[in-house]
Amino acid sequence: MLKVNLRHLEEHDLRLQGELSAAELDLGVQDELIRADQPLRYDLAVELLHDAVLVTGSLVLPLTCECARCLKKFTSELRLAGWALHLPLEGEDKVAVENDCVDLTPFVREDILLDFPRHPLCKPDCGGLKDKTVRKAKAVEKPAQAVWAKLDKLKLK
Ligand SMILES: [Zn+2]
């Protein structure tokens, strides 16, 4: 679990580095094209402010994806590099504290889900299955031939 011990934090700032397993992160995502079954890596600095806890750092979640257009499998990473979390210790919005500890997991889960890709593509301009074969054929043609091929196509239209 990704927890901050407030008693420790009172003594000094904390640095949290490690991994959160997919089971602990428990994203609950049911997406056929994107699987997040590897652990999330975190590297966080935690400091105690006057009446709040400030967490800053990076979250990296490896993803195994299937391209929505060409169905190619590829790996990707969901990266929140400048992640910041402000947790009030006082007032209405104060964070839940249990045994002097604040569990960061729900906040990490929420922000990862907000950034979770909805439509994975192996590359931004992926043309899908059909287009891909066309592009390959063009690449082996000599430039002049390619021009003639284009003209031929124009004539046909
Ligand atoms: Zn693709």
# chains A, B, ... in the order shown; residues from 1 in each chain; ligands from 1
>>> residues_near_ligand(ligand="ligand 1", cutoff="6 Å", atoms="only C-alpha atoms and all ligand atoms", output="MDAnalysis selection string")
chainID A and resid 67 69:70 72 121:122 126 128
>>> write_last_selection(atoms="C-alpha atoms", output="PDB file, in the first residue's frame")
ATOM      1  CA  CYS A  67      -4.088  -0.741 -31.602  1.00  0.00           C
ATOM      2  CA  ARG A  69      -7.153   0.509 -35.883  1.00  0.00           C
ATOM      3  CA  CYS A  70      -4.654  -2.150 -36.961  1.00  0.00           C
ATOM      4  CA  LYS A  72      -1.119  -4.569 -33.541  1.00  0.00           C
ATOM      5  CA  LEU A 121      -3.173   3.701 -31.376  1.00  0.00           C
ATOM      6  CA  CYS A 122       0.210   2.141 -32.179  1.00  0.00           C
ATOM      7  CA  CYS A 126      -1.969   4.709 -37.806  1.00  0.00           C
ATOM      8  CA  GLY A 128      -5.334   0.763 -39.963  1.00  0.00           C
TER       9      GLY A 128
END
>>> residues_around(residues="range 45-52 of chain A", least_positions_apart="4", cutoff="6 Å", atoms="only C-alpha atoms", output="list in words")
Asp13, Leu14, Arg15, Thr56, Leu87, Pro88 and Leu89 of chain A
>>> write_last_selection(atoms="N, CA and C atoms", output="short mmCIF file (atom, residue, chain, number, x, y, z; two decimals), in the first residue's frame")
data_model
loop_
_atom_site.label_atom_id
_atom_site.label_comp_id
_atom_site.auth_asym_id
_atom_site.auth_seq_id
_atom_site.Cartn_x
_atom_site.Cartn_y
_atom_site.Cartn_z
N ASP A 13 10.72 15.37 5.92
CA ASP A 13 10.06 15.09 4.64
C ASP A 13 10.30 13.64 4.27
N LEU A 14 9.38 13.11 3.49
CA LEU A 14 9.53 11.70 3.10
C LEU A 14 9.72 11.57 1.60
N ARG A 15 10.43 10.54 1.25
CA ARG A 15 10.58 10.19 -0.15
C ARG A 15 10.03 8.79 -0.31
N THR A 56 4.36 15.40 -4.30
CA THR A 56 4.73 15.72 -5.69
C THR A 56 5.66 14.65 -6.22
N LEU A 87 -3.37 17.41 0.12
CA LEU A 87 -4.34 16.76 1.00
C LEU A 87 -4.53 17.55 2.29
N PRO A 88 -5.67 18.21 2.42
CA PRO A 88 -5.92 19.00 3.64
C PRO A 88 -6.04 18.10 4.87
N LEU A 89 -5.49 18.56 5.97
CA LEU A 89 -5.61 17.81 7.22
C LEU A 89 -6.66 18.44 8.14
#
>>> closest_residue(among="A:Leu85, A:Leu54, A:Leu61, A:Cys101", to="Leu40 in chain A", atoms="only C-alpha atoms")
A:Leu61
>>> atom_distance(atom1="CA of Asp125 in chain A", atom2="CA of Val29 in chain A")
25.4 Å
>>> residues_around(residues="Ala22 in chain A", least_positions_apart="3", cutoff="6 Å", atoms="only C-alpha atoms", output="VMD selection string")
chain A and resid 25 to 26 37 to 39
>>> residues_around(residues="range 3-6 of chain A", least_positions_apart="6", cutoff="8 Å", atoms="only C-alpha atoms", output="number ranges by chain")
A: 46, 100-105
>>> atom_distance(atom1="CA of Pro120 in chain A", atom2="CA of Leu2 in chain A")
28.1 Å
>>> select_by_dssp(residues="chain A", states="helix (DSSP H, G or I)", output="ChimeraX atom specification")
/A:6-11,22-25,105-115,128-140,143-156
>>> closest_residue(among="A:His8, A:Lys73, A:His119, A:Arg109", to="Asp31 in chain A", atoms="only C-alpha atoms")
A:His119
>>> decode(residues="range 61-77 of chain A", atoms="N, CA and C atoms", output="PDB file, in the first residue's frame")
ATOM      1  N   LEU A  61       2.808   4.019 -15.239  1.00  0.00           N
ATOM      2  CA  LEU A  61       2.089   2.750 -15.329  1.00  0.00           C
ATOM      3  C   LEU A  61       2.300   2.126 -16.709  1.00  0.00           C
ATOM      4  N   PRO A  62       2.993   0.978 -16.768  1.00  0.00           N
ATOM      5  CA  PRO A  62       3.169   0.312 -18.073  1.00  0.00           C
ATOM      6  C   PRO A  62       1.835  -0.270 -18.550  1.00  0.00           C
ATOM      7  N   LEU A  63       1.578  -0.135 -19.850  1.00  0.00           N
ATOM      8  CA  LEU A  63       0.327  -0.645 -20.424  1.00  0.00           C
ATOM      9  C   LEU A  63       0.629  -1.582 -21.581  1.00  0.00           C
ATOM     10  N   THR A  64      -0.169  -2.615 -21.708  1.00  0.00           N
ATOM     11  CA  THR A  64      -0.096  -3.478 -22.870  1.00  0.00           C
ATOM     12  C   THR A  64      -1.338  -3.189 -23.704  1.00  0.00           C
ATOM     13  N   CYS A  65      -1.111  -2.679 -24.904  1.00  0.00           N
ATOM     14  CA  CYS A  65      -2.242  -2.208 -25.706  1.00  0.00           C
ATOM     15  C   CYS A  65      -2.373  -2.985 -27.006  1.00  0.00           C
ATOM     16  N   GLU A  66      -3.546  -2.859 -27.567  1.00  0.00           N
ATOM     17  CA  GLU A  66      -3.802  -3.379 -28.898  1.00  0.00           C
ATOM     18  C   GLU A  66      -4.334  -2.195 -29.688  1.00  0.00           C
ATOM     19  N   CYS A  67      -3.702  -1.926 -30.823  1.00  0.00           N
ATOM     20  CA  CYS A  67      -4.088  -0.741 -31.602  1.00  0.00           C
ATOM     21  C   CYS A  67      -5.550  -0.852 -32.044  1.00  0.00           C
ATOM     22  N   ALA A  68      -6.305   0.202 -31.809  1.00  0.00           N
ATOM     23  CA  ALA A  68      -7.734   0.195 -32.128  1.00  0.00           C
ATOM     24  C   ALA A  68      -7.973   0.147 -33.636  1.00  0.00           C
ATOM     25  N   ARG A  69      -6.953   0.498 -34.423  1.00  0.00           N
ATOM     26  CA  ARG A  69      -7.153   0.509 -35.883  1.00  0.00           C
ATOM     27  C   ARG A  69      -6.550  -0.707 -36.569  1.00  0.00           C
ATOM     28  N   CYS A  70      -5.297  -1.050 -36.223  1.00  0.00           N
ATOM     29  CA  CYS A  70      -4.654  -2.150 -36.961  1.00  0.00           C
ATOM     30  C   CYS A  70      -4.484  -3.402 -36.106  1.00  0.00           C
ATOM     31  N   LEU A  71      -4.905  -3.358 -34.882  1.00  0.00           N
ATOM     32  CA  LEU A  71      -4.884  -4.503 -33.949  1.00  0.00           C
ATOM     33  C   LEU A  71      -3.488  -4.979 -33.566  1.00  0.00           C
ATOM     34  N   LYS A  72      -2.476  -4.215 -33.940  1.00  0.00           N
ATOM     35  CA  LYS A  72      -1.119  -4.569 -33.541  1.00  0.00           C
ATOM     36  C   LYS A  72      -0.968  -4.406 -32.029  1.00  0.00           C
ATOM     37  N   LYS A  73      -0.220  -5.336 -31.428  1.00  0.00           N
ATOM     38  CA  LYS A  73       0.032  -5.218 -29.986  1.00  0.00           C
ATOM     39  C   LYS A  73       1.244  -4.322 -29.773  1.00  0.00           C
ATOM     40  N   PHE A  74       1.163  -3.465 -28.783  1.00  0.00           N
ATOM     41  CA  PHE A  74       2.305  -2.624 -28.456  1.00  0.00           C
ATOM     42  C   PHE A  74       2.258  -2.267 -26.978  1.00  0.00           C
ATOM     43  N   THR A  75       3.415  -1.873 -26.471  1.00  0.00           N
ATOM     44  CA  THR A  75       3.447  -1.465 -25.069  1.00  0.00           C
ATOM     45  C   THR A  75       3.541   0.053 -24.999  1.00  0.00           C
ATOM     46  N   SER A  76       3.000   0.568 -23.952  1.00  0.00           N
ATOM     47  CA  SER A  76       2.945   2.011 -23.795  1.00  0.00           C
ATOM     48  C   SER A  76       3.102   2.301 -22.307  1.00  0.00           C
ATOM     49  N   GLU A  77       3.230   3.566 -21.985  1.00  0.00           N
ATOM     50  CA  GLU A  77       3.321   3.933 -20.576  1.00  0.00           C
ATOM     51  C   GLU A  77       2.423   5.116 -20.303  1.00  0.00           C
TER      52      GLU A  77
END
